[in-house]
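Here is the file data.cif (mmCIF, C-alpha atoms and all ligand atoms).
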data_model
loop_
_atom_site.label_atom_id
_atom_site.label_comp_id
_atom_site.auth_asym_id
_atom_site.auth_seq_id
_atom_site.Cartn_x
_atom_site.Cartn_y
_atom_site.Cartn_z
CA MET R 24 -137.81 58.03 -75.52
CA ASP R 25 -136.51 61.19 -77.24
CA LYS R 26 -138.19 63.42 -74.71
CA ILE R 27 -136.65 66.80 -73.95
CA VAL R 28 -136.08 66.83 -70.19
CA VAL R 29 -134.72 69.63 -67.99
CA VAL R 30 -133.41 68.82 -64.50
CA THR R 31 -132.06 71.21 -61.86
CA GLY R 32 -129.75 69.91 -59.15
CA ALA R 33 -128.49 67.37 -61.69
CA GLY R 34 -125.01 67.03 -60.18
CA ARG R 35 -125.87 64.98 -57.13
CA GLY R 36 -128.63 63.51 -55.00
CA LEU R 37 -132.14 63.12 -56.38
CA GLY R 38 -131.58 65.37 -59.42
CA TYR R 39 -128.63 63.25 -60.55
CA CYS R 40 -130.72 60.06 -60.27
CA ILE R 41 -133.63 61.59 -62.22
CA ALA R 42 -131.23 62.74 -64.97
CA LYS R 43 -129.62 59.27 -65.11
CA LYS R 44 -133.01 57.55 -65.29
CA HIS R 45 -134.15 59.68 -68.26
CA LEU R 46 -130.85 59.08 -70.05
CA SER R 47 -131.40 55.34 -69.63
CA LEU R 48 -134.79 55.83 -71.33
CA GLY R 49 -133.09 57.46 -74.34
CA ASP R 50 -134.17 61.03 -73.58
CA VAL R 51 -132.23 64.25 -74.10
CA VAL R 52 -131.41 65.75 -70.70
CA TYR R 53 -130.46 69.35 -70.01
CA GLY R 54 -128.84 69.19 -66.58
CA LEU R 55 -128.54 72.46 -64.65
CA GLU R 56 -126.11 72.44 -61.75
CA PHE R 57 -124.63 75.01 -59.36
CA GLN R 58 -121.15 73.47 -59.06
CA ILE R 59 -120.66 70.94 -61.84
CA THR R 60 -119.55 67.66 -60.23
CA GLY R 61 -117.07 65.07 -61.54
CA GLU R 62 -119.90 62.52 -61.34
CA LEU R 63 -122.01 64.61 -63.72
CA LYS R 64 -119.11 65.02 -66.18
CA GLU R 65 -118.55 61.25 -66.09
CA LEU R 66 -122.25 60.66 -66.78
CA GLN R 67 -121.96 63.02 -69.75
CA SER R 68 -118.94 61.16 -71.14
CA GLU R 69 -121.09 57.99 -71.23
CA ASN R 70 -124.21 59.82 -72.48
CA PRO R 71 -123.83 62.38 -75.26
CA ARG R 72 -127.55 63.16 -74.81
CA LEU R 73 -126.70 64.87 -71.53
CA ARG R 74 -126.01 68.60 -71.82
CA ILE R 75 -124.71 70.37 -68.73
CA PHE R 76 -125.11 74.04 -67.81
CA GLN R 77 -123.86 75.93 -64.79
CA CYS R 78 -126.68 77.72 -63.01
CA ASP R 79 -127.24 79.51 -59.73
CA LEU R 80 -131.00 79.30 -59.23
CA GLY R 81 -130.75 82.07 -56.69
CA ASP R 82 -129.82 84.61 -59.37
CA ASP R 83 -132.02 85.92 -62.23
CA ALA R 84 -129.15 86.50 -64.69
CA SER R 85 -127.58 83.11 -64.05
CA VAL R 86 -130.82 81.24 -64.80
CA LYS R 87 -131.41 83.32 -67.93
CA ASN R 88 -127.90 82.55 -69.12
CA ALA R 89 -128.11 78.82 -68.31
CA VAL R 90 -131.20 78.24 -70.46
CA ARG R 91 -130.09 80.33 -73.46
CA ASP R 92 -128.79 77.33 -75.39
CA LEU R 93 -131.85 75.28 -74.54
CA LEU R 94 -134.19 78.03 -75.79
CA SER R 95 -132.36 78.31 -79.10
CA SER R 96 -132.12 74.51 -79.62
CA GLU R 97 -135.59 73.26 -78.65
CA LYS R 98 -139.19 74.20 -79.45
CA LYS R 99 -140.76 72.44 -76.47
CA ALA R 100 -139.77 70.86 -73.17
CA ASP R 101 -141.55 67.58 -72.38
CA ILE R 102 -140.64 67.47 -68.69
CA VAL R 103 -139.14 70.18 -66.47
CA TYR R 104 -137.91 68.97 -63.05
CA SER R 105 -137.22 71.60 -60.41
CA VAL R 106 -135.23 69.47 -57.95
CA ALA R 107 -132.45 71.67 -56.55
CA GLY R 108 -132.93 72.91 -53.04
CA ILE R 109 -131.17 73.79 -49.81
CA PHE R 110 -131.54 72.59 -46.24
CA ALA R 111 -129.08 72.23 -43.37
CA TYR R 112 -129.78 70.57 -40.02
CA HIS R 113 -128.14 73.49 -38.21
CA ASP R 114 -131.10 75.63 -39.38
CA ASP R 115 -133.47 73.34 -37.47
CA LYS R 116 -134.33 76.18 -35.06
CA GLY R 117 -137.30 77.59 -33.16
CA LEU R 118 -138.65 81.06 -33.86
CA ALA R 119 -136.48 82.94 -31.37
CA ALA R 120 -133.31 81.66 -33.07
CA THR R 121 -134.52 82.06 -36.68
CA ASP R 122 -132.87 84.93 -38.52
CA SER R 123 -134.37 86.75 -41.49
CA GLU R 124 -131.26 86.40 -43.63
CA THR R 125 -131.46 82.60 -43.47
CA CYS R 126 -135.17 82.70 -44.35
CA MET R 127 -134.39 84.89 -47.36
CA GLN R 128 -131.74 82.42 -48.60
CA TYR R 129 -134.15 79.49 -48.39
CA TYR R 130 -136.93 81.44 -50.09
CA ASN R 131 -134.57 82.66 -52.78
CA VAL R 132 -133.39 79.18 -53.79
CA ASN R 133 -136.23 76.81 -52.83
CA THR R 134 -139.11 79.02 -53.96
CA LEU R 135 -137.85 81.72 -56.34
CA GLY R 136 -135.43 79.25 -57.97
CA THR R 137 -138.45 77.34 -59.31
CA LEU R 138 -140.17 80.58 -60.31
CA ARG R 139 -137.09 81.76 -62.24
CA LEU R 140 -136.77 78.42 -64.00
CA GLY R 141 -140.41 78.38 -65.10
CA ARG R 142 -140.32 82.00 -66.21
CA GLU R 143 -137.21 81.57 -68.36
CA LEU R 144 -138.47 78.31 -69.87
CA TRP R 145 -141.95 79.73 -70.54
CA PRO R 146 -141.62 79.62 -74.36
CA LEU R 147 -140.91 75.87 -74.15
CA ILE R 148 -143.85 75.04 -71.87
CA GLY R 149 -146.87 74.02 -73.94
CA LYS R 150 -149.35 71.24 -74.61
CA GLY R 151 -148.18 68.03 -72.94
CA THR R 152 -145.37 69.57 -70.88
CA VAL R 153 -145.15 68.29 -67.30
CA VAL R 154 -143.59 70.65 -64.76
CA VAL R 155 -142.37 68.70 -61.73
CA ILE R 156 -141.55 70.50 -58.52
CA VAL R 157 -139.72 68.55 -55.83
CA SER R 158 -141.20 70.05 -52.70
CA SER R 159 -141.41 68.19 -49.36
CA GLU R 160 -143.91 67.02 -46.79
CA ALA R 161 -142.35 69.89 -44.82
CA GLY R 162 -144.33 72.28 -47.06
CA SER R 163 -147.71 70.88 -46.03
CA ILE R 164 -149.59 73.30 -43.75
CA GLY R 165 -152.39 70.79 -43.08
CA ALA R 166 -149.97 68.11 -41.84
CA ALA R 167 -147.44 70.41 -40.12
CA ARG R 168 -146.30 68.94 -36.80
CA ARG R 169 -142.83 70.52 -36.46
CA LYS R 170 -142.04 73.24 -33.95
CA ALA R 171 -138.93 74.40 -35.80
CA GLU R 172 -137.32 74.58 -39.30
CA TYR R 173 -139.22 77.78 -40.12
CA ALA R 174 -137.00 78.79 -43.04
CA TYR R 175 -137.19 75.44 -44.88
CA CYS R 176 -140.87 74.69 -44.18
CA MET R 177 -141.99 78.19 -45.19
CA SER R 178 -139.98 78.02 -48.42
CA LYS R 179 -141.60 74.68 -49.31
CA ALA R 180 -145.12 75.85 -48.41
CA ALA R 181 -144.51 78.81 -50.72
CA VAL R 182 -143.30 76.61 -53.58
CA ASN R 183 -146.47 74.54 -53.14
CA MET R 184 -148.51 77.70 -53.76
CA LEU R 185 -146.35 78.44 -56.79
CA GLY R 186 -147.14 74.95 -58.10
CA LYS R 187 -150.89 75.36 -57.59
CA LEU R 188 -151.00 78.79 -59.28
CA LEU R 189 -148.89 77.48 -62.15
CA SER R 190 -151.18 74.48 -62.54
CA ASN R 191 -154.19 76.83 -62.77
CA GLU R 192 -152.41 79.01 -65.31
CA LEU R 193 -151.15 76.11 -67.45
CA TRP R 194 -154.41 74.16 -67.50
CA GLU R 195 -155.71 75.84 -70.66
CA LYS R 196 -152.36 75.29 -72.37
CA GLY R 197 -152.69 71.54 -71.75
CA ALA R 198 -149.62 71.38 -69.52
CA ARG R 199 -149.53 69.73 -66.07
CA VAL R 200 -147.82 70.42 -62.77
CA LEU R 201 -146.92 67.78 -60.15
CA LEU R 202 -145.37 68.38 -56.72
CA PHE R 203 -143.58 65.61 -54.82
CA HIS R 204 -142.35 64.73 -51.40
CA PRO R 205 -139.43 62.50 -52.42
CA GLY R 206 -139.10 60.68 -49.08
CA TRP R 207 -136.28 61.05 -46.56
CA LEU R 208 -133.27 60.60 -48.82
CA ARG R 209 -129.79 59.18 -48.26
CA THR R 210 -128.18 62.22 -49.88
CA GLN R 211 -126.00 65.09 -48.74
CA MET R 212 -129.16 66.90 -47.64
CA GLY R 213 -130.46 63.87 -45.73
CA GLY R 214 -127.05 63.72 -44.05
CA GLU R 215 -125.62 61.07 -41.72
CA ARG R 216 -128.96 60.69 -39.94
CA ALA R 217 -130.65 59.53 -43.15
CA LYS R 218 -127.74 57.26 -44.06
CA ARG R 219 -128.05 55.47 -40.69
CA SER R 220 -131.86 55.22 -40.64
CA ALA R 221 -134.06 52.40 -41.91
CA ALA R 222 -136.82 54.99 -42.49
CA SER R 223 -134.86 56.70 -45.28
CA ILE R 224 -134.53 55.59 -48.91
CA GLU R 225 -131.94 55.70 -51.68
CA PRO R 226 -132.41 58.64 -54.08
CA GLY R 227 -132.42 56.20 -57.02
CA GLU R 228 -135.54 54.49 -55.68
CA SER R 229 -137.32 57.82 -55.20
CA ALA R 230 -136.24 58.96 -58.68
CA ASP R 231 -137.60 55.78 -60.30
CA ASN R 232 -140.95 56.22 -58.53
CA ILE R 233 -141.24 59.90 -59.44
CA VAL R 234 -140.31 59.34 -63.11
CA ASN R 235 -142.85 56.50 -63.41
CA ILE R 236 -145.64 58.72 -62.03
CA VAL R 237 -144.62 61.58 -64.33
CA LEU R 238 -144.62 59.36 -67.42
CA ASP R 239 -148.13 58.17 -66.48
CA VAL R 240 -149.48 61.64 -65.64
CA ASP R 241 -152.40 61.30 -68.07
CA LYS R 242 -153.88 58.59 -65.82
CA ARG R 243 -154.13 61.09 -62.92
CA PRO R 244 -157.02 63.52 -62.50
CA GLY R 245 -155.92 67.11 -63.01
CA ASP R 246 -156.67 68.07 -59.40
CA GLN R 247 -154.14 65.55 -58.03
CA LEU R 248 -150.97 67.62 -57.72
CA TYR R 249 -149.18 67.15 -54.41
CA MET R 250 -148.09 63.65 -53.49
CA THR R 251 -145.37 61.38 -52.17
CA HIS R 252 -142.93 59.64 -54.52
CA GLN R 253 -145.23 56.63 -54.18
CA GLY R 254 -148.21 58.60 -55.44
CA GLU R 255 -150.06 59.02 -52.11
CA LEU R 256 -151.81 62.40 -52.01
CA LEU R 257 -150.65 64.93 -49.40
CA SER R 258 -152.67 67.58 -47.63
CA TRP R 259 -151.82 71.12 -48.71
N1 LIG R 301 -132.98 64.83 -48.72
C1 LIG R 301 -134.19 64.68 -48.18
O1 LIG R 301 -134.39 63.91 -47.23
C2 LIG R 301 -135.36 65.48 -48.73
C3 LIG R 301 -136.62 65.37 -48.12
C4 LIG R 301 -137.69 66.10 -48.64
C5 LIG R 301 -137.50 66.91 -49.75
N2 LIG R 301 -136.27 67.00 -50.31
C6 LIG R 301 -136.11 67.89 -51.48
O2 LIG R 301 -135.61 67.12 -52.55
C7 LIG R 301 -134.76 67.94 -53.40
C8 LIG R 301 -133.44 67.23 -53.65
O3 LIG R 301 -132.82 66.97 -52.40
P1 LIG R 301 -131.46 66.14 -52.29
O4 LIG R 301 -131.56 65.34 -51.05
O5 LIG R 301 -131.13 65.50 -53.60
O6 LIG R 301 -130.44 67.34 -52.01
P2 LIG R 301 -128.86 67.43 -52.17
O7 LIG R 301 -128.25 66.10 -52.28
O8 LIG R 301 -128.39 68.35 -51.09
O9 LIG R 301 -128.71 68.17 -53.59
C9 LIG R 301 -129.18 69.47 -53.72
C10 LIG R 301 -128.93 69.92 -55.13
O10 LIG R 301 -129.40 71.28 -55.26
C11 LIG R 301 -128.37 72.04 -55.89
N3 LIG R 301 -128.42 73.45 -55.49
C12 LIG R 301 -128.37 73.97 -54.24
N4 LIG R 301 -128.38 75.30 -54.31
C13 LIG R 301 -128.44 75.64 -55.62
C14 LIG R 301 -128.47 76.87 -56.33
N5 LIG R 301 -128.43 78.05 -55.70
N6 LIG R 301 -128.53 76.83 -57.67
C15 LIG R 301 -128.56 75.66 -58.34
N7 LIG R 301 -128.52 74.46 -57.73
C16 LIG R 301 -128.46 74.47 -56.38
C17 LIG R 301 -127.09 71.39 -55.43
O11 LIG R 301 -126.02 71.81 -56.27
P3 LIG R 301 -124.48 71.80 -55.74
O12 LIG R 301 -124.07 70.38 -55.69
O13 LIG R 301 -123.72 72.55 -56.79
O14 LIG R 301 -124.48 72.48 -54.42
C18 LIG R 301 -127.46 69.92 -55.54
O15 LIG R 301 -127.35 69.47 -56.86
C19 LIG R 301 -134.65 69.29 -52.69
O16 LIG R 301 -135.56 70.21 -53.26
C20 LIG R 301 -135.08 68.97 -51.26
O17 LIG R 301 -135.60 70.10 -50.57
C21 LIG R 301 -135.21 66.30 -49.85
#
As structure tokens, how would this structure be written, given the file I've shared?
Ligand SMILES: NC(=O)c1ccc[n+]([C@@H]2O[C@H](COP(=O)([O-])OP(=O)(O)OC[C@H]3O[C@@H](n4cnc5c(N)ncnc54)[C@H](OP(=O)(O)O)[C@@H]3O)[C@@H](O)[C@H]2O)c1
Amino acid sequence: MDKIVVVTGAGRGLGYCIAKKHLSLGDVVYGLEFQITGELKELQSENPRLRIFQCDLGDDASVKNAVRDLLSSEKKADIVYSVAGIFAYHDDKGLAATDSETCMQYYNVNTLGTLRLGRELWPLIGKGTVVVIVSSEAGSIGAARRKAEYAYCMSKAAVNMLGKLLSNELWEKGARVLLFHPGWLRTQMGGERAKRSAASIEPGESADNIVNIVLDVDKRPGDQLYMTHQGELLSW
């Protein structure tokens, strides 16, 4: 209760569910969103503790601008969730069909978006802060079985490295980093395939699991960083 929580991708999908869960716990939520959805505005009308800011994570100036109010209002962030990301099934291509421009877009949002967020929020990250990066099993090199999706998988492997470096750097400050595979989600990103599959899950279920692990982070050894939403460790 009364935690200061920052969530990217707060307008829909997993980010929306994480924001809603923290509001239900009585926390103050700063929701960053690319295109502010009607659903997010409705959530705000029911929850004055939700503050919404427009933000393109793919752009340095936009991220700087989005967190200006947060930096002037708060002294510390308790939890920072980097949830926003991009993936489209039509980019599920082998090497010969993979273009550099697409790879740059994925890297810019999925990897550098998290870097920009952390950099701009640096003054608020201190003892007890938990930085949560929603990655994917697709970012695991050790468990990689795909023969395609270069742009997405590479961007998630890179954000895993960002998380590990950040964890090393923050250790002495007493702040933690966790990286999650949220499951195959019935969201816009998961698409019709996820909505029809019994192997997928609702984003609300994944959000509940992730939030519960984050709130209990002190029970986890510091070298346990990369895991599923159910807390099972993943190979880097
Ligand atoms: N869905 C899955 O099955 C799955 C599996 C593994 C990992 N993940 C990861 O889980 C996270 C959440 O996925 P999801 O299924 O909730 O996705 P989603 O429903 O497609 O939502 C993606 C969110 O990211 C935001 N976003 C995209 N580009 C942005 C940008 N440039 N700046 C700021 N925000 C931006 C979107 O904002 P707009 O609404 O304004 O576009 C939206 O809020 C992602 O990091 C994803 O890679 C998902």
As JSON, what would the box around region 33-45 of chain R look like: edges along x, y and z, 6 Å added on every side, centre and edge lengths in Å to one decimal?
{"center_x": -129.6, "center_y": 62.5, "center_z": -61.6, "size_x": 21.1, "size_y": 21.8, "size_z": 25.3}
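The point (-149.5, 75.8, -58.4) has these residues within 10 Å of it, counting all atoms listed in the file: Ile156, Ala181, Val182, Asn183, Met184, Leu185, Gly186, Lys187, Leu188, Leu189, Ser190, Asn191, Glu192, Leu193, Arg199, Val200, Leu201, Leu202, Leu248 and Tyr249 of chain R.
Between atom C2 of ligand LIG 301 (chain R) and CA of Thr210 (chain R) there is a distance of 8.0 Å.
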Using all atoms listed in the file, I'd like a table of the residues in region 166-249 of chain R that come within 10 Å of region 125-133 of chain R; for each, show the closest atom pair and its distance in Å rounded to one decimal, ordered by chain and ascending number, as CSV.
residue,atom,partner,partner_atom,distance
R:Glu172,CA,R:Cys126,CA,9.8
R:Tyr173,CA,R:Cys126,CA,7.6
R:Ala174,CA,R:Cys126,CA,4.5
R:Tyr175,CA,R:Tyr129,CA,6.2
R:Cys176,CA,R:Tyr129,CA,9.3
R:Met177,CA,R:Tyr130,CA,7.8
R:Ser178,CA,R:Tyr130,CA,4.9
R:Lys179,CA,R:Asn133,CA,6.8
R:Ala180,CA,R:Asn133,CA,10.0
R:Ala181,CA,R:Tyr130,CA,8.0
R:Val182,CA,R:Asn133,CA,7.1
**Study point:** Option closest in space to ligand LIG 301 (chain R), from R:Thr152, R:Gln253, R:Ser68, R:Ser229 [counting only C-alpha atoms and all ligand atoms]
**Key:** R:Ser229
**Study point:** All residues 6 Å or closer to region 103-111 of chain R, all atoms listed in the file, same chain fewer than 5 positions away omitted, as a VMD selection string
**Key:** chain R and resid 28 to 32 38 133 137 154 to 157
Practice item. Go through the chains and note each residue within 6 Å of ligand LIG 301 (chain R), using all atoms listed in the file, then give the set as a PyMOL selection string. Key: chain R and resi 32-38+56-58+78-81+106-109+132+157-159+204-208+210-213
Check your understanding: With all atoms listed in the file as the atoms that count, which of R:Val90, R:Ala120, R:Ala230, R:Ala222 lies nearest to Lys43 (chain R)?
Key -> R:Ala230
Point to revise | Best match for closeness to Thr121 (chain R) among R:Gly197, R:Thr60, R:Lys170, R:Val237, counting only C-alpha atoms | key: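 Between R:Gly197, R:Thr60, R:Lys170, R:Val237, the residue approaching Thr121 (chain R) most closely is R:Lys170.
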Output region 230-241 of chain R as a CSV table (one decimal), in the coordinates of the input, making sure all heavy atoms are there.
chain,number,residue,atom,x,y,z
R,230,ALA,N,-136.3,58.5,-57.3
R,230,ALA,CA,-136.2,59.0,-58.7
R,230,ALA,C,-137.0,58.0,-59.6
R,230,ALA,O,-137.9,58.5,-60.4
R,230,ALA,CB,-134.8,59.1,-59.2
R,231,ASP,N,-136.9,56.7,-59.5
R,231,ASP,CA,-137.6,55.8,-60.3
R,231,ASP,C,-139.1,56.0,-60.1
R,231,ASP,O,-139.9,56.0,-61.1
R,231,ASP,CB,-137.2,54.3,-59.9
R,231,ASP,CG,-135.9,53.9,-60.5
R,231,ASP,OD1,-135.3,54.8,-61.2
R,231,ASP,OD2,-135.4,52.8,-60.2
R,232,ASN,N,-139.5,56.1,-58.8
R,232,ASN,CA,-141.0,56.2,-58.5
R,232,ASN,C,-141.5,57.5,-59.1
R,232,ASN,O,-142.6,57.5,-59.7
R,232,ASN,CB,-141.2,56.2,-57.0
R,232,ASN,CG,-140.9,54.8,-56.4
R,232,ASN,OD1,-140.9,53.8,-57.1
R,232,ASN,ND2,-140.7,54.8,-55.1
R,233,ILE,N,-140.8,58.6,-58.9
R,233,ILE,CA,-141.2,59.9,-59.4
R,233,ILE,C,-141.3,59.9,-61.0
R,233,ILE,O,-142.4,60.3,-61.6
R,233,ILE,CB,-140.3,61.0,-59.0
R,233,ILE,CG1,-140.5,61.3,-57.4
R,233,ILE,CG2,-140.6,62.3,-59.7
R,233,ILE,CD1,-139.5,62.2,-56.8
R,234,VAL,N,-140.3,59.4,-61.6
R,234,VAL,CA,-140.3,59.3,-63.1
R,234,VAL,C,-141.5,58.5,-63.6
R,234,VAL,O,-142.2,58.9,-64.6
R,234,VAL,CB,-139.0,58.8,-63.7
R,234,VAL,CG1,-139.0,58.6,-65.2
R,234,VAL,CG2,-137.8,59.8,-63.3
R,235,ASN,N,-141.7,57.4,-63.0
R,235,ASN,CA,-142.8,56.5,-63.4
R,235,ASN,C,-144.2,57.2,-63.3
R,235,ASN,O,-145.0,57.1,-64.2
R,235,ASN,CB,-142.9,55.2,-62.6
R,235,ASN,CG,-141.7,54.3,-63.0
R,235,ASN,OD1,-141.2,54.4,-64.1
R,235,ASN,ND2,-141.3,53.4,-62.1
R,236,ILE,N,-144.4,58.0,-62.2
R,236,ILE,CA,-145.6,58.7,-62.0
R,236,ILE,C,-145.7,59.8,-63.1
R,236,ILE,O,-146.8,60.0,-63.7
R,236,ILE,CB,-145.7,59.3,-60.6
R,236,ILE,CG1,-145.9,58.2,-59.6
R,236,ILE,CG2,-146.9,60.3,-60.5
R,236,ILE,CD1,-145.8,58.6,-58.1
R,237,VAL,N,-144.6,60.5,-63.3
R,237,VAL,CA,-144.6,61.6,-64.3
R,237,VAL,C,-145.0,61.0,-65.7
R,237,VAL,O,-145.8,61.6,-66.5
R,237,VAL,CB,-143.3,62.3,-64.3
R,237,VAL,CG1,-143.2,63.3,-65.5
R,237,VAL,CG2,-143.0,63.0,-63.0
R,238,LEU,N,-144.4,59.9,-66.1
R,238,LEU,CA,-144.6,59.4,-67.4
R,238,LEU,C,-146.1,58.9,-67.6
R,238,LEU,O,-146.6,58.8,-68.7
R,238,LEU,CB,-143.6,58.2,-67.7
R,238,LEU,CG,-142.2,58.6,-67.8
R,238,LEU,CD1,-141.3,57.4,-68.0
R,238,LEU,CD2,-141.9,59.6,-68.9
R,239,ASP,N,-146.7,58.6,-66.4
R,239,ASP,CA,-148.1,58.2,-66.5
R,239,ASP,C,-149.1,59.3,-66.1
R,239,ASP,O,-150.2,59.0,-65.6
R,239,ASP,CB,-148.3,57.0,-65.5
R,239,ASP,CG,-148.2,55.7,-66.2
R,239,ASP,OD1,-148.2,55.7,-67.5
R,239,ASP,OD2,-148.1,54.6,-65.5
R,240,VAL,N,-148.7,60.5,-66.2
R,240,VAL,CA,-149.5,61.6,-65.6
R,240,VAL,C,-150.9,61.7,-66.2
R,240,VAL,O,-151.8,62.1,-65.5
R,240,VAL,CB,-148.7,63.0,-65.9
R,240,VAL,CG1,-148.7,63.4,-67.3
R,240,VAL,CG2,-149.4,64.1,-65.1
R,241,ASP,N,-151.1,61.2,-67.5
R,241,ASP,CA,-152.4,61.3,-68.1
R,241,ASP,C,-153.4,60.4,-67.4
R,241,ASP,O,-154.6,60.6,-67.5
R,241,ASP,CB,-152.3,60.9,-69.6
R,241,ASP,CG,-151.6,62.0,-70.4
R,241,ASP,OD1,-151.5,63.1,-69.9
R,241,ASP,OD2,-151.1,61.6,-71.5
